[in-house]
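Enquirer: Please find work-v4.cif (mmCIF, C-alpha atoms) on the next line:
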```cif
data_final
#
loop_
_atom_site.group_PDB
_atom_site.id
_atom_site.type_symbol
_atom_site.label_atom_id
_atom_site.label_comp_id
_atom_site.auth_asym_id
_atom_site.auth_seq_id
_atom_site.Cartn_x
_atom_site.Cartn_y
_atom_site.Cartn_z
ATOM 1 C CA MET A 1 -24.507 -24.744 -73.447
ATOM 2 C CA TYR A 2 -25.930 -28.262 -73.279
ATOM 3 C CA GLU A 3 -29.274 -29.151 -71.723
ATOM 4 C CA ALA A 4 -28.802 -30.935 -68.418
ATOM 5 C CA LYS A 5 -30.453 -34.090 -67.131
ATOM 6 C CA TYR A 6 -32.303 -34.411 -63.825
ATOM 7 C CA TYR A 7 -34.282 -31.220 -63.355
ATOM 8 C CA THR A 8 -37.890 -30.095 -63.103
ATOM 9 C CA VAL A 9 -39.613 -26.714 -63.257
ATOM 10 C CA ARG A 10 -41.659 -25.523 -60.288
ATOM 11 C CA ALA A 11 -43.269 -22.143 -59.701
ATOM 12 C CA GLU A 12 -41.180 -20.523 -62.423
ATOM 13 C CA LYS A 13 -37.983 -21.864 -60.875
ATOM 14 C CA VAL A 14 -35.762 -24.637 -62.182
ATOM 15 C CA LEU A 15 -35.132 -27.364 -59.591
ATOM 16 C CA CYS A 16 -31.879 -29.251 -60.168
ATOM 17 C CA ARG A 17 -32.203 -32.874 -59.039
ATOM 18 C CA LEU A 18 -28.653 -33.999 -59.726
ATOM 19 C CA CYS A 19 -27.205 -33.646 -56.231
ATOM 20 C CA PRO A 20 -28.501 -33.301 -52.653
ATOM 21 C CA HIS A 21 -28.326 -29.494 -52.762
ATOM 22 C CA PHE A 22 -31.484 -29.450 -54.929
ATOM 23 C CA CYS A 23 -30.686 -25.919 -56.110
ATOM 24 C CA ARG A 24 -33.788 -23.853 -56.970
ATOM 25 C CA LEU A 25 -32.693 -21.460 -59.658
ATOM 26 C CA GLU A 26 -34.259 -18.368 -61.120
ATOM 27 C CA ASN A 27 -33.582 -17.351 -64.702
ATOM 28 C CA ASN A 28 -29.829 -16.940 -65.409
ATOM 29 C CA GLU A 29 -28.931 -18.171 -61.917
ATOM 30 C CA THR A 30 -26.158 -20.750 -61.501
ATOM 31 C CA GLY A 31 -26.140 -23.558 -58.951
ATOM 32 C CA ILE A 32 -23.704 -24.133 -56.105
ATOM 33 C CA CYS A 33 -21.546 -26.267 -58.399
ATOM 34 C CA GLY A 34 -20.906 -23.249 -60.635
ATOM 35 C CA VAL A 35 -21.579 -25.183 -63.840
ATOM 36 C CA ARG A 36 -25.365 -25.660 -64.065
ATOM 37 C CA ARG A 37 -27.515 -22.669 -65.006
ATOM 38 C CA ALA A 38 -31.213 -21.978 -65.445
ATOM 39 C CA VAL A 39 -32.093 -20.246 -68.706
ATOM 40 C CA GLU A 40 -35.695 -19.561 -69.731
ATOM 41 C CA GLY A 41 -37.186 -22.519 -67.913
ATOM 42 C CA LYS A 42 -34.494 -25.053 -68.745
ATOM 43 C CA LEU A 43 -31.327 -26.232 -66.980
ATOM 44 C CA TYR A 44 -28.080 -26.165 -68.901
ATOM 45 C CA THR A 45 -24.646 -27.507 -68.090
ATOM 46 C CA LEU A 46 -21.832 -25.026 -68.691
ATOM 47 C CA ASN A 47 -18.947 -27.503 -68.676
ATOM 48 C CA TYR A 48 -20.098 -30.061 -71.227
ATOM 49 C CA GLY A 49 -17.143 -30.577 -73.550
ATOM 50 C CA VAL A 50 -14.796 -28.574 -71.305
ATOM 51 C CA CYS A 51 -11.812 -30.838 -70.685
ATOM 52 C CA ALA A 52 -9.581 -28.777 -68.391
ATOM 53 C CA ALA A 53 -7.048 -31.482 -67.460
ATOM 54 C CA MET A 54 -5.804 -34.598 -69.217
ATOM 55 C CA ALA A 55 -3.004 -37.093 -68.486
ATOM 56 C CA LEU A 56 -2.021 -40.749 -68.621
ATOM 57 C CA ASP A 57 -1.774 -41.790 -64.963
ATOM 58 C CA PRO A 58 -0.905 -44.926 -62.999
ATOM 59 C CA ILE A 59 -4.155 -46.352 -61.714
ATOM 60 C CA GLU A 60 -2.604 -46.314 -58.230
ATOM 61 C CA LYS A 61 -2.722 -42.511 -58.373
ATOM 62 C CA LYS A 62 -6.541 -42.460 -58.317
ATOM 63 C CA PRO A 63 -5.980 -44.261 -55.857
ATOM 64 C CA LEU A 64 -7.111 -47.752 -56.853
ATOM 65 C CA TYR A 65 -4.950 -50.548 -55.478
ATOM 66 C CA HIS A 66 -7.220 -53.546 -56.067
ATOM 67 C CA TYR A 67 -8.366 -52.854 -59.623
ATOM 68 C CA TYR A 68 -5.918 -53.899 -62.339
ATOM 69 C CA PRO A 69 -2.767 -52.914 -60.389
ATOM 70 C CA GLY A 70 -0.002 -51.463 -62.532
ATOM 71 C CA SER A 71 -2.325 -50.262 -65.285
ATOM 72 C CA LYS A 72 -2.161 -46.826 -66.888
ATOM 73 C CA VAL A 73 -5.477 -45.009 -67.194
ATOM 74 C CA PHE A 74 -6.314 -42.013 -69.367
ATOM 75 C CA SER A 75 -7.447 -39.375 -66.869
ATOM 76 C CA ILE A 76 -9.604 -36.371 -67.673
ATOM 77 C CA GLY A 77 -11.218 -33.632 -65.634
ATOM 78 C CA THR A 78 -13.276 -30.493 -65.984
ATOM 79 C CA VAL A 79 -14.149 -27.461 -63.843
ATOM 80 C CA GLY A 80 -16.752 -27.210 -61.108
ATOM 81 C CA CYS A 81 -17.674 -28.986 -57.883
ATOM 82 C CA ASN A 82 -20.772 -29.215 -55.713
ATOM 83 C CA LEU A 83 -18.742 -29.127 -52.476
ATOM 84 C CA ASP A 84 -16.471 -26.333 -51.262
ATOM 85 C CA CYS A 85 -13.870 -27.981 -49.042
ATOM 86 C CA ASP A 86 -11.619 -25.601 -47.141
ATOM 87 C CA PHE A 87 -8.692 -27.997 -47.689
ATOM 88 C CA CYS A 88 -9.402 -28.832 -51.363
ATOM 89 C CA GLN A 89 -6.281 -30.112 -53.090
ATOM 90 C CA ASN A 90 -7.562 -29.270 -56.584
ATOM 91 C CA TRP A 91 -9.245 -25.957 -55.850
ATOM 92 C CA GLN A 92 -7.499 -24.069 -58.647
ATOM 93 C CA LEU A 93 -8.926 -26.429 -61.236
ATOM 94 C CA VAL A 94 -12.306 -26.731 -59.524
ATOM 95 C CA ARG A 95 -12.850 -22.957 -59.401
ATOM 96 C CA ALA A 96 -11.251 -22.165 -62.755
ATOM 97 C CA LYS A 97 -13.275 -19.807 -64.936
ATOM 98 C CA LYS A 98 -12.525 -21.718 -68.125
ATOM 99 C CA ARG A 99 -15.744 -22.382 -70.000
ATOM 100 C CA ASP A 100 -14.467 -22.682 -73.556
ATOM 101 C CA GLY A 101 -13.809 -25.978 -75.257
ATOM 102 C CA GLY A 102 -15.976 -28.063 -77.490
ATOM 103 C CA ILE A 103 -14.644 -31.610 -77.342
ATOM 104 C CA THR A 104 -17.304 -34.260 -77.812
ATOM 105 C CA PRO A 105 -17.276 -37.753 -76.302
ATOM 106 C CA ARG A 106 -16.730 -39.244 -79.741
ATOM 107 C CA ARG A 107 -13.833 -36.903 -80.486
ATOM 108 C CA LEU A 108 -12.292 -37.657 -77.102
ATOM 109 C CA LEU A 109 -12.361 -41.390 -77.849
ATOM 110 C CA GLU A 110 -10.824 -40.809 -81.271
ATOM 111 C CA THR A 111 -8.009 -38.818 -79.655
ATOM 112 C CA LEU A 112 -7.466 -41.501 -77.035
ATOM 113 C CA PHE A 113 -7.112 -44.316 -79.567
ATOM 114 C CA ALA A 114 -4.913 -42.174 -81.808
ATOM 115 C CA GLU A 115 -2.434 -41.334 -79.033
ATOM 116 C CA ILE A 116 -2.383 -44.485 -76.871
ATOM 117 C CA GLU A 117 -1.711 -47.990 -78.129
ATOM 118 C CA GLU A 118 -4.172 -50.469 -76.570
ATOM 119 C CA PRO A 119 -5.685 -48.079 -74.016
ATOM 120 C CA PHE A 120 -6.999 -49.586 -70.779
ATOM 121 C CA GLY A 121 -9.688 -47.126 -69.800
ATOM 122 C CA ILE A 122 -10.756 -43.646 -68.760
ATOM 123 C CA ALA A 123 -10.756 -42.114 -65.281
ATOM 124 C CA TYR A 124 -13.055 -39.145 -64.691
ATOM 125 C CA THR A 125 -11.142 -37.346 -61.967
ATOM 126 C CA TYR A 126 -9.214 -34.234 -60.814
ATOM 127 C CA SER A 127 -12.305 -32.092 -60.133
ATOM 128 C CA GLU A 128 -15.781 -33.501 -59.403
ATOM 129 C CA PRO A 129 -17.057 -35.674 -62.271
ATOM 130 C CA GLY A 130 -20.537 -35.770 -60.734
ATOM 131 C CA VAL A 131 -21.170 -32.225 -61.985
ATOM 132 C CA TRP A 132 -19.805 -33.225 -65.416
ATOM 133 C CA TYR A 133 -22.600 -35.723 -65.441
ATOM 134 C CA GLU A 134 -23.905 -35.572 -69.009
ATOM 135 C CA PHE A 135 -20.448 -35.648 -70.607
ATOM 136 C CA VAL A 136 -19.225 -38.450 -68.335
ATOM 137 C CA LEU A 137 -22.299 -40.573 -68.960
ATOM 138 C CA GLU A 138 -22.120 -40.237 -72.736
ATOM 139 C CA THR A 139 -18.354 -40.776 -72.852
ATOM 140 C CA ALA A 140 -18.561 -43.819 -70.571
ATOM 141 C CA LYS A 141 -21.209 -45.414 -72.787
ATOM 142 C CA LEU A 142 -19.029 -44.982 -75.868
ATOM 143 C CA ALA A 143 -15.914 -46.165 -74.012
ATOM 144 C CA ARG A 144 -17.638 -49.319 -72.764
ATOM 145 C CA GLY A 145 -18.759 -50.065 -76.317
ATOM 146 C CA LYS A 146 -15.078 -50.013 -77.342
ATOM 147 C CA GLY A 147 -14.003 -52.338 -74.527
ATOM 148 C CA LEU A 148 -12.554 -49.677 -72.229
ATOM 149 C CA LYS A 149 -12.941 -49.536 -68.441
ATOM 150 C CA ASN A 150 -14.577 -46.505 -66.817
ATOM 151 C CA ILE A 151 -13.392 -45.222 -63.437
ATOM 152 C CA LEU A 152 -14.988 -42.469 -61.370
ATOM 153 C CA VAL A 153 -13.030 -40.580 -58.702
ATOM 154 C CA THR A 154 -15.689 -38.680 -56.828
ATOM 155 C CA ASN A 155 -16.905 -37.006 -53.647
ATOM 156 C CA GLY A 156 -20.037 -39.167 -53.752
ATOM 157 C CA PHE A 157 -22.352 -36.179 -53.269
ATOM 158 C CA LEU A 158 -24.923 -37.183 -55.868
ATOM 159 C CA ASN A 159 -28.523 -38.303 -55.725
ATOM 160 C CA LEU A 160 -29.297 -41.992 -56.137
ATOM 161 C CA PRO A 161 -31.307 -41.877 -59.423
ATOM 162 C CA PRO A 162 -28.405 -40.343 -61.397
ATOM 163 C CA LEU A 163 -26.006 -42.718 -59.648
ATOM 164 C CA GLN A 164 -28.071 -45.728 -60.703
ATOM 165 C CA GLU A 165 -27.728 -44.614 -64.318
ATOM 166 C CA LEU A 166 -23.956 -44.240 -63.906
ATOM 167 C CA LEU A 167 -23.706 -47.715 -62.398
ATOM 168 C CA GLU A 168 -24.682 -49.143 -65.773
ATOM 169 C CA VAL A 169 -21.410 -47.913 -67.319
ATOM 170 C CA ILE A 170 -18.896 -47.181 -64.520
ATOM 171 C CA ASP A 171 -16.705 -50.156 -63.594
ATOM 172 C CA ALA A 172 -14.837 -48.891 -60.530
ATOM 173 C CA PHE A 173 -15.052 -46.029 -58.051
ATOM 174 C CA ASN A 174 -12.772 -44.256 -55.652
ATOM 175 C CA ILE A 175 -15.070 -42.305 -53.351
ATOM 176 C CA ASP A 176 -14.032 -39.699 -50.795
ATOM 177 C CA VAL A 177 -15.533 -40.067 -47.358
ATOM 178 C CA LYS A 178 -14.103 -36.874 -45.962
ATOM 179 C CA ALA A 179 -15.089 -37.543 -42.349
ATOM 180 C CA PHE A 180 -17.598 -39.578 -40.406
ATOM 181 C CA SER A 181 -19.287 -36.490 -39.038
ATOM 182 C CA ASP A 182 -22.130 -34.466 -40.511
ATOM 183 C CA GLU A 183 -20.824 -31.383 -38.686
ATOM 184 C CA PHE A 184 -17.512 -31.732 -40.554
ATOM 185 C CA TYR A 185 -19.298 -31.880 -43.908
ATOM 186 C CA ARG A 186 -21.505 -28.882 -43.144
ATOM 187 C CA ARG A 187 -18.755 -26.753 -41.615
ATOM 188 C CA LEU A 188 -15.772 -27.501 -43.860
ATOM 189 C CA CYS A 189 -17.275 -28.789 -47.114
ATOM 190 C CA GLY A 190 -20.677 -27.186 -47.543
ATOM 191 C CA GLY A 191 -22.354 -30.584 -47.765
ATOM 192 C CA ARG A 192 -23.786 -33.428 -45.700
ATOM 193 C CA LEU A 193 -22.541 -36.866 -44.737
ATOM 194 C CA GLN A 194 -25.623 -39.056 -45.163
ATOM 195 C CA PRO A 195 -25.966 -38.728 -48.961
ATOM 196 C CA VAL A 196 -22.330 -39.786 -49.333
ATOM 197 C CA LEU A 197 -22.868 -42.879 -47.195
ATOM 198 C CA LYS A 198 -25.887 -43.861 -49.292
ATOM 199 C CA TYR A 199 -23.850 -43.342 -52.475
ATOM 200 C CA VAL A 200 -21.059 -45.609 -51.198
ATOM 201 C CA GLU A 201 -23.500 -48.323 -50.155
ATOM 202 C CA ALA A 202 -25.277 -48.257 -53.528
ATOM 203 C CA ALA A 203 -22.044 -48.276 -55.539
ATOM 204 C CA ALA A 204 -20.414 -51.018 -53.469
ATOM 205 C CA ALA A 205 -23.434 -53.256 -53.973
ATOM 206 C CA ARG A 206 -22.783 -53.365 -57.724
ATOM 207 C CA ARG A 207 -19.246 -52.259 -58.561
ATOM 208 C CA HIS A 208 -15.667 -52.275 -57.345
ATOM 209 C CA VAL A 209 -15.267 -49.497 -54.765
ATOM 210 C CA GLU A 210 -12.304 -48.120 -52.835
ATOM 211 C CA LEU A 211 -12.567 -45.284 -50.321
ATOM 212 C CA THR A 212 -10.290 -42.369 -49.493
ATOM 213 C CA TYR A 213 -10.353 -40.640 -46.106
ATOM 214 C CA LEU A 214 -8.202 -37.486 -45.934
ATOM 215 C CA VAL A 215 -7.009 -37.111 -42.342
ATOM 216 C CA VAL A 216 -7.225 -33.418 -41.404
ATOM 217 C CA PRO A 217 -5.557 -32.726 -38.023
ATOM 218 C CA GLY A 218 -7.900 -31.419 -35.363
ATOM 219 C CA PHE A 219 -11.063 -32.070 -37.383
ATOM 220 C CA ASN A 220 -11.512 -35.744 -38.326
ATOM 221 C CA ASP A 221 -8.472 -37.435 -36.783
ATOM 222 C CA SER A 222 -9.821 -38.881 -33.531
ATOM 223 C CA GLU A 223 -9.555 -42.598 -32.890
ATOM 224 C CA GLU A 224 -13.258 -42.681 -31.989
ATOM 225 C CA GLU A 225 -14.297 -41.253 -35.357
ATOM 226 C CA MET A 226 -12.008 -43.628 -37.219
ATOM 227 C CA GLU A 227 -13.446 -46.560 -35.293
ATOM 228 C CA ARG A 228 -16.994 -45.549 -36.251
ATOM 229 C CA PHE A 229 -15.944 -45.120 -39.862
ATOM 230 C CA ALA A 230 -14.214 -48.521 -39.939
ATOM 231 C CA ASN A 231 -17.241 -50.207 -38.369
ATOM 232 C CA TRP A 232 -19.491 -48.735 -41.045
ATOM 233 C CA VAL A 233 -17.155 -49.845 -43.860
ATOM 234 C CA ALA A 234 -16.914 -53.341 -42.366
ATOM 235 C CA GLY A 235 -20.698 -53.509 -42.366
ATOM 236 C CA ILE A 236 -20.609 -53.012 -46.148
ATOM 237 C CA ASN A 237 -17.610 -55.245 -46.816
ATOM 238 C CA PRO A 238 -14.599 -55.752 -44.479
ATOM 239 C CA TYR A 239 -12.428 -56.396 -47.558
ATOM 240 C CA LEU A 240 -13.253 -53.046 -49.161
ATOM 241 C CA PRO A 241 -9.956 -51.115 -49.566
ATOM 242 C CA VAL A 242 -9.584 -47.889 -47.571
ATOM 243 C CA HIS A 243 -6.903 -45.277 -48.251
ATOM 244 C CA LEU A 244 -6.042 -43.007 -45.329
ATOM 245 C CA SER A 245 -4.498 -39.959 -46.977
ATOM 246 C CA ARG A 246 -2.246 -37.452 -45.251
ATOM 247 C CA TYR A 247 -3.425 -33.839 -45.397
ATOM 248 C CA TYR A 248 -1.078 -31.124 -46.678
ATOM 249 C CA PRO A 249 -1.830 -27.357 -46.546
ATOM 250 C CA GLN A 250 -4.024 -26.313 -49.452
ATOM 251 C CA HIS A 251 -6.637 -23.724 -50.357
ATOM 252 C CA ARG A 252 -7.901 -22.018 -47.144
ATOM 253 C CA PHE A 253 -6.082 -24.354 -44.733
ATOM 254 C CA THR A 254 -2.547 -23.443 -43.696
ATOM 255 C CA ALA A 255 -2.071 -25.831 -40.758
ATOM 256 C CA ALA A 256 0.930 -28.168 -40.788
ATOM 257 C CA PRO A 257 0.591 -31.596 -42.453
ATOM 258 C CA THR A 258 -0.980 -34.434 -40.492
ATOM 259 C CA PRO A 259 1.582 -35.874 -38.049
ATOM 260 C CA VAL A 260 2.958 -39.252 -39.085
ATOM 261 C CA MET A 261 2.117 -40.577 -35.605
ATOM 262 C CA THR A 262 -1.547 -39.703 -36.169
ATOM 263 C CA MET A 263 -1.612 -41.491 -39.516
ATOM 264 C CA GLU A 264 -0.090 -44.620 -38.021
ATOM 265 C CA LYS A 265 -2.449 -44.590 -35.053
ATOM 266 C CA LEU A 266 -5.537 -44.317 -37.249
ATOM 267 C CA TYR A 267 -4.138 -46.983 -39.553
ATOM 268 C CA GLN A 268 -3.953 -49.354 -36.601
ATOM 269 C CA VAL A 269 -7.499 -48.493 -35.528
ATOM 270 C CA ALA A 270 -8.913 -49.130 -39.009
ATOM 271 C CA GLN A 271 -6.971 -52.383 -39.358
ATOM 272 C CA GLN A 272 -8.854 -53.865 -36.417
ATOM 273 C CA LYS A 273 -11.998 -54.003 -38.569
ATOM 274 C CA LEU A 274 -10.771 -53.874 -42.164
ATOM 275 C CA ALA A 275 -8.578 -56.233 -44.170
ATOM 276 C CA HIS A 276 -7.074 -53.689 -46.587
ATOM 277 C CA VAL A 277 -6.025 -50.315 -45.164
ATOM 278 C CA TYR A 278 -3.428 -48.135 -46.868
ATOM 279 C CA VAL A 279 -1.591 -44.941 -45.976
ATOM 280 C CA GLY A 280 -1.321 -42.355 -48.755
ATOM 281 C CA ASN A 281 0.449 -39.015 -49.244
ATOM 282 C CA LEU A 282 3.187 -40.411 -47.018
ATOM 283 C CA PHE A 283 5.809 -41.706 -49.402
ATOM 284 C CA GLY A 284 8.065 -44.468 -48.219
ATOM 285 C CA HIS A 285 5.601 -45.819 -45.670
ATOM 286 C CA GLU A 286 5.323 -49.597 -45.538
ATOM 287 C CA ALA A 287 1.518 -49.576 -45.511
ATOM 288 C CA VAL A 288 1.249 -49.479 -49.306
ATOM 289 C CA ASN A 289 1.649 -53.173 -50.115
ATOM 290 C CA THR A 290 -1.361 -55.416 -50.615
ATOM 291 C CA ILE A 291 -1.245 -58.336 -48.193
ATOM 292 C CA CYS A 292 -3.336 -61.493 -48.308
ATOM 293 C CA PRO A 293 -5.637 -61.150 -45.271
ATOM 294 C CA HIS A 294 -5.587 -64.924 -44.762
ATOM 295 C CA CYS A 295 -1.873 -65.792 -44.815
ATOM 296 C CA GLN A 296 -0.046 -62.403 -45.009
ATOM 297 C CA PHE A 297 1.570 -63.168 -48.361
ATOM 298 C CA ILE A 298 2.561 -59.970 -50.232
ATOM 299 C CA LEU A 299 0.273 -59.964 -53.264
ATOM 300 C CA VAL A 300 1.334 -56.562 -54.609
ATOM 301 C CA ARG A 301 4.524 -54.758 -53.631
ATOM 302 C CA ARG A 302 4.603 -51.000 -54.281
ATOM 303 C CA ASP A 303 7.393 -48.455 -54.433
ATOM 304 C CA GLY A 304 5.882 -45.063 -55.210
ATOM 305 C CA TYR A 305 3.790 -45.802 -58.294
ATOM 306 C CA GLY A 306 5.969 -48.768 -59.202
ATOM 307 C CA VAL A 307 4.130 -52.079 -58.883
ATOM 308 C CA GLU A 308 5.317 -55.672 -58.550
ATOM 309 C CA LYS A 309 2.460 -58.187 -58.796
ATOM 310 C CA ASN A 310 2.808 -61.610 -57.193
ATOM 311 C CA PHE A 311 -0.606 -63.046 -58.067
ATOM 312 C CA ARG A 312 -2.899 -64.016 -60.915
ATOM 313 C CA GLY A 313 -6.650 -64.025 -60.950
ATOM 314 C CA GLN A 314 -8.333 -63.669 -57.563
ATOM 315 C CA LEU A 315 -6.600 -66.449 -55.618
ATOM 316 C CA CYS A 316 -3.648 -66.003 -53.280
ATOM 317 C CA PRO A 317 -0.804 -68.126 -54.729
ATOM 318 C CA GLN A 318 0.253 -69.204 -51.233
ATOM 319 C CA CYS A 319 -3.005 -70.130 -49.437
ATOM 320 C CA GLN A 320 -5.282 -70.398 -52.516
ATOM 321 C CA LYS A 321 -8.015 -68.376 -50.845
ATOM 322 C CA THR A 322 -10.002 -65.706 -52.694
ATOM 323 C CA VAL A 323 -8.744 -62.133 -52.366
ATOM 324 C CA ASN A 324 -10.449 -58.870 -53.318
ATOM 325 C CA LEU A 325 -8.221 -58.125 -56.302
ATOM 326 C CA ILE A 326 -9.317 -57.617 -59.899
ATOM 327 C CA ASN A 327 -6.667 -58.110 -62.552
#
```
Translate the structure described by the file into C-alpha cells.
Expert:
Amino acid sequence: MYEAKYYTVRAEKVLCRLCPHFCRLENNETGICGVRRAVEGKLYTLNYGVCAAMALDPIEKKPLYHYYPGSKVFSIGTVGCNLDCDFCQNWQLVRAKKRDGGITPRRLLETLFAEIEEPFGIAYTYSEPGVWYEFVLETAKLARGKGLKNILVTNGFLNLPPLQELLEVIDAFNIDVKAFSDEFYRRLCGGRLQPVLKYVEAAAARRHVELTYLVVPGFNDSEEEMERFANWVAGINPYLPVHLSRYYPQHRFTAAPTPVMTMEKLYQVAQQKLAHVYVGNLFGHEAVNTICPHCQFILVRRDGYGVEKNFRGQLCPQCQKTVNLIN
C-alpha cells in the first residue's frame, strides 16, 4: 500500500478529501472508490502501481479531436472508480479485484521509451484516473520532464485542490458530463452534477478540454436538457469540442442503443450554440470531420480512426482565421 494524498483525521476517523464523496472511514474501511483504505489513522491507496490495462491508441479514441490529431498515445489504466454508473462501458475493469502489480512511474517511463520510438505522450484512461491520483501525478511529472504530453480521460468528479495540482502537469482533458441533471447523477451514477461542472470550468480555464456526453435513451436525451447543456458549454467557450456519444447496452442497462434519429436531433440542438459538435459510437456518420466554423473548410477529415489533416498551426488555410486546433 502507498500513503494517499488529501486526507485528514477527525474523531478517530480518516476523512478522504480527494473527491466530493468525502468518505469518512473507520479503521480497515475502504472508500466508495474501492481503492482507498483507512489503516491505523492513515489513508492508503490500494491501486498505486497497479496497471490493469495498457495499449497504444489513436488520440481520437480518447476522444480528442482538436489536440494533435492523428497522434498515437500510450494509454494506461487501473482499477477503481468513485462513480457507479448503471451503464458503465468499462465496468469489468473498474470493478476488477486485481490489486497486485508493483510498477513504478519511473519503470513505466523506461518501458515506454524502450518499446515506442519517439513516444508522443501518456493518456490516463479506461477506468477513472482520478482515484489513481498519486500514481498519475508522479508519472505525469516525470513524463513532462521527458517532453511527453499528459492526457486525462476522466469523469471530473474530483475536488478542486487536487485538480489544481494536476493542472500543473496535465496538458489535455476529455471530461465526461454524463447529463445536465443532478437527479441523473444521483440516481444512475451515485454522484452529483455540480462538482463536475466546477471541474470542467477550472480545467478549461487553463488547459485544452473536450467533453463527452453519452446519450442514454429515456434519461438524458431530451432536447431541453441538451439545450441547457450547450448553453452552459457556450458560456465557457463556444469553440470547446463536444462529443455526443451513442449509448450501447452495458453493465446493468439492457435497453436498445440510442436511436440514430435521437443522436442527430441532439447534434442539431447543440450545433445552434457550439462550433464543434461530434457524434461518436456511430461509425460512418458524417459528423466526425472538423470544420472551420468561419468558412466551413474541412480542416480534418476522419474515417474511423484514420485522419487526414488539411491545416497547419492554428489558422484555417482558406480563411486564415484562428481555429481551436492544437497540432
Enquirer: For the atom pair atom CA of Asn237 of chain A and atom CA of Asn220 of chain A, what is the interatomic distance in Å to one decimal place?
Expert: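 Atom CA of Asn220 of chain A lies 22.1 Å from atom CA of Asn237 of chain A.
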Enquirer: Give me the result of the PyMOL selection byres ((chain A and resi 172-177) around 9) on this file, residue by residue, as a ChimeraX atom specification.
Expert: /A:62-64,67,149-156,170-171,178-180,193,196-197,199-200,203-204,207-214
Enquirer: Run the PyMOL selection byres ((chain A and resi 225-233) around 7) against the file shown and list the residues it catches, as a ChimeraX atom specification.
Expert: /A:180,220,222-224,234-238,266,269-270,273-274
Enquirer: With C-alpha atoms retained, export the selected residues as a PDB file, keeping the file's coordinate frame.
Expert:
```
ATOM      1  CA  PHE A 180     -17.598 -39.578 -40.406  1.00  0.00           C
ATOM      2  CA  ASN A 220     -11.512 -35.744 -38.326  1.00  0.00           C
ATOM      3  CA  SER A 222      -9.821 -38.881 -33.531  1.00  0.00           C
ATOM      4  CA  GLU A 223      -9.555 -42.598 -32.890  1.00  0.00           C
ATOM      5  CA  GLU A 224     -13.258 -42.681 -31.989  1.00  0.00           C
ATOM      6  CA  ALA A 234     -16.914 -53.341 -42.366  1.00  0.00           C
ATOM      7  CA  GLY A 235     -20.698 -53.509 -42.366  1.00  0.00           C
ATOM      8  CA  ILE A 236     -20.609 -53.012 -46.148  1.00  0.00           C
ATOM      9  CA  ASN A 237     -17.610 -55.245 -46.816  1.00  0.00           C
ATOM     10  CA  PRO A 238     -14.599 -55.752 -44.479  1.00  0.00           C
ATOM     11  CA  LEU A 266      -5.537 -44.317 -37.249  1.00  0.00           C
ATOM     12  CA  VAL A 269      -7.499 -48.493 -35.528  1.00  0.00           C
ATOM     13  CA  ALA A 270      -8.913 -49.130 -39.009  1.00  0.00           C
ATOM     14  CA  LYS A 273     -11.998 -54.003 -38.569  1.00  0.00           C
ATOM     15  CA  LEU A 274     -10.771 -53.874 -42.164  1.00  0.00           C
TER      16      LEU A 274
END
```
Enquirer: Would you mind listing, for every residue of segment 211-277 of chain A within 12 Å of segment 294-314 of chain A, the two atoms forming the shortest contact and the distance between them in Å to one decimal, using only C-alpha atoms, sorted by chain and ascending residue number, as CSV?
Expert:
```
residue,atom,partner,partner_atom,distance
A:Tyr239,CA,A:His294,CA,11.3
A:Ala275,CA,A:His294,CA,9.2
A:His276,CA,A:Gln296,CA,11.3
```
Enquirer: Pull out every residue that the PyMOL selection byres ((chain A and resi 72-77) around 9) matches in the shown coordinates and put them as a PyMOL selection string.
Expert: chain A and resi 50-60+69-71+78-79+93+112+116+119-129+132+149+151
Enquirer: Rounded to one decimal, what separation in Å do you get between atom CA of Gln89 of chain A and atom CA of Leu240 of chain A?
Expert: 24.3 Å
Enquirer: Mind pulling up the distance from atom CA of Gly49 of chain A to atom CA of Lys146 of chain A?
Expert: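 These two atoms are separated by 19.9 Å.
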Enquirer: Could you check the closest approach to Tyr247 of chain A for each of A:Val216, A:Leu137, A:Val14, A:Cys85 and tell me which residue wins, using all atoms listed in the file?
Expert: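 That would be A:Val216, the residue with the smallest distance to Tyr247 of chain A.
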Enquirer: How would segment 227-236 of chain A look with N, CA and C atoms restored, written as an mmCIF file, in the frame of the given file?
Expert:
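Written output follows (part-v9.cif):
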```cif
data_model
loop_
_atom_site.group_PDB
_atom_site.id
_atom_site.type_symbol
_atom_site.label_atom_id
_atom_site.label_comp_id
_atom_site.auth_asym_id
_atom_site.auth_seq_id
_atom_site.Cartn_x
_atom_site.Cartn_y
_atom_site.Cartn_z
ATOM 1 N N GLU A 227 -12.832 -45.280 -35.662
ATOM 2 C CA GLU A 227 -13.446 -46.560 -35.293
ATOM 3 C C GLU A 227 -14.872 -46.654 -35.828
ATOM 4 N N ARG A 228 -15.630 -45.548 -35.734
ATOM 5 C CA ARG A 228 -16.994 -45.549 -36.251
ATOM 6 C C ARG A 228 -17.003 -45.694 -37.769
ATOM 7 N N PHE A 229 -16.075 -45.011 -38.410
ATOM 8 C CA PHE A 229 -15.944 -45.120 -39.862
ATOM 9 C C PHE A 229 -15.607 -46.554 -40.265
ATOM 10 N N ALA A 230 -14.636 -47.157 -39.602
ATOM 11 C CA ALA A 230 -14.214 -48.521 -39.939
ATOM 12 C C ALA A 230 -15.345 -49.519 -39.692
ATOM 13 N N ASN A 231 -16.103 -49.323 -38.642
ATOM 14 C CA ASN A 231 -17.241 -50.207 -38.369
ATOM 15 C C ASN A 231 -18.279 -50.128 -39.483
ATOM 16 N N TRP A 232 -18.527 -48.915 -39.958
ATOM 17 C CA TRP A 232 -19.491 -48.735 -41.045
ATOM 18 C C TRP A 232 -18.992 -49.407 -42.322
ATOM 19 N N VAL A 233 -17.715 -49.205 -42.666
ATOM 20 C CA VAL A 233 -17.155 -49.845 -43.860
ATOM 21 C C VAL A 233 -17.235 -51.361 -43.732
ATOM 22 N N ALA A 234 -16.877 -51.895 -42.579
ATOM 23 C CA ALA A 234 -16.914 -53.341 -42.366
ATOM 24 C C ALA A 234 -18.320 -53.892 -42.533
ATOM 25 N N GLY A 235 -19.315 -53.093 -42.186
ATOM 26 C CA GLY A 235 -20.698 -53.509 -42.366
ATOM 27 C C GLY A 235 -21.074 -53.652 -43.834
ATOM 28 N N ILE A 236 -20.400 -52.894 -44.701
ATOM 29 C CA ILE A 236 -20.609 -53.012 -46.148
ATOM 30 C C ILE A 236 -19.811 -54.196 -46.676
#
```
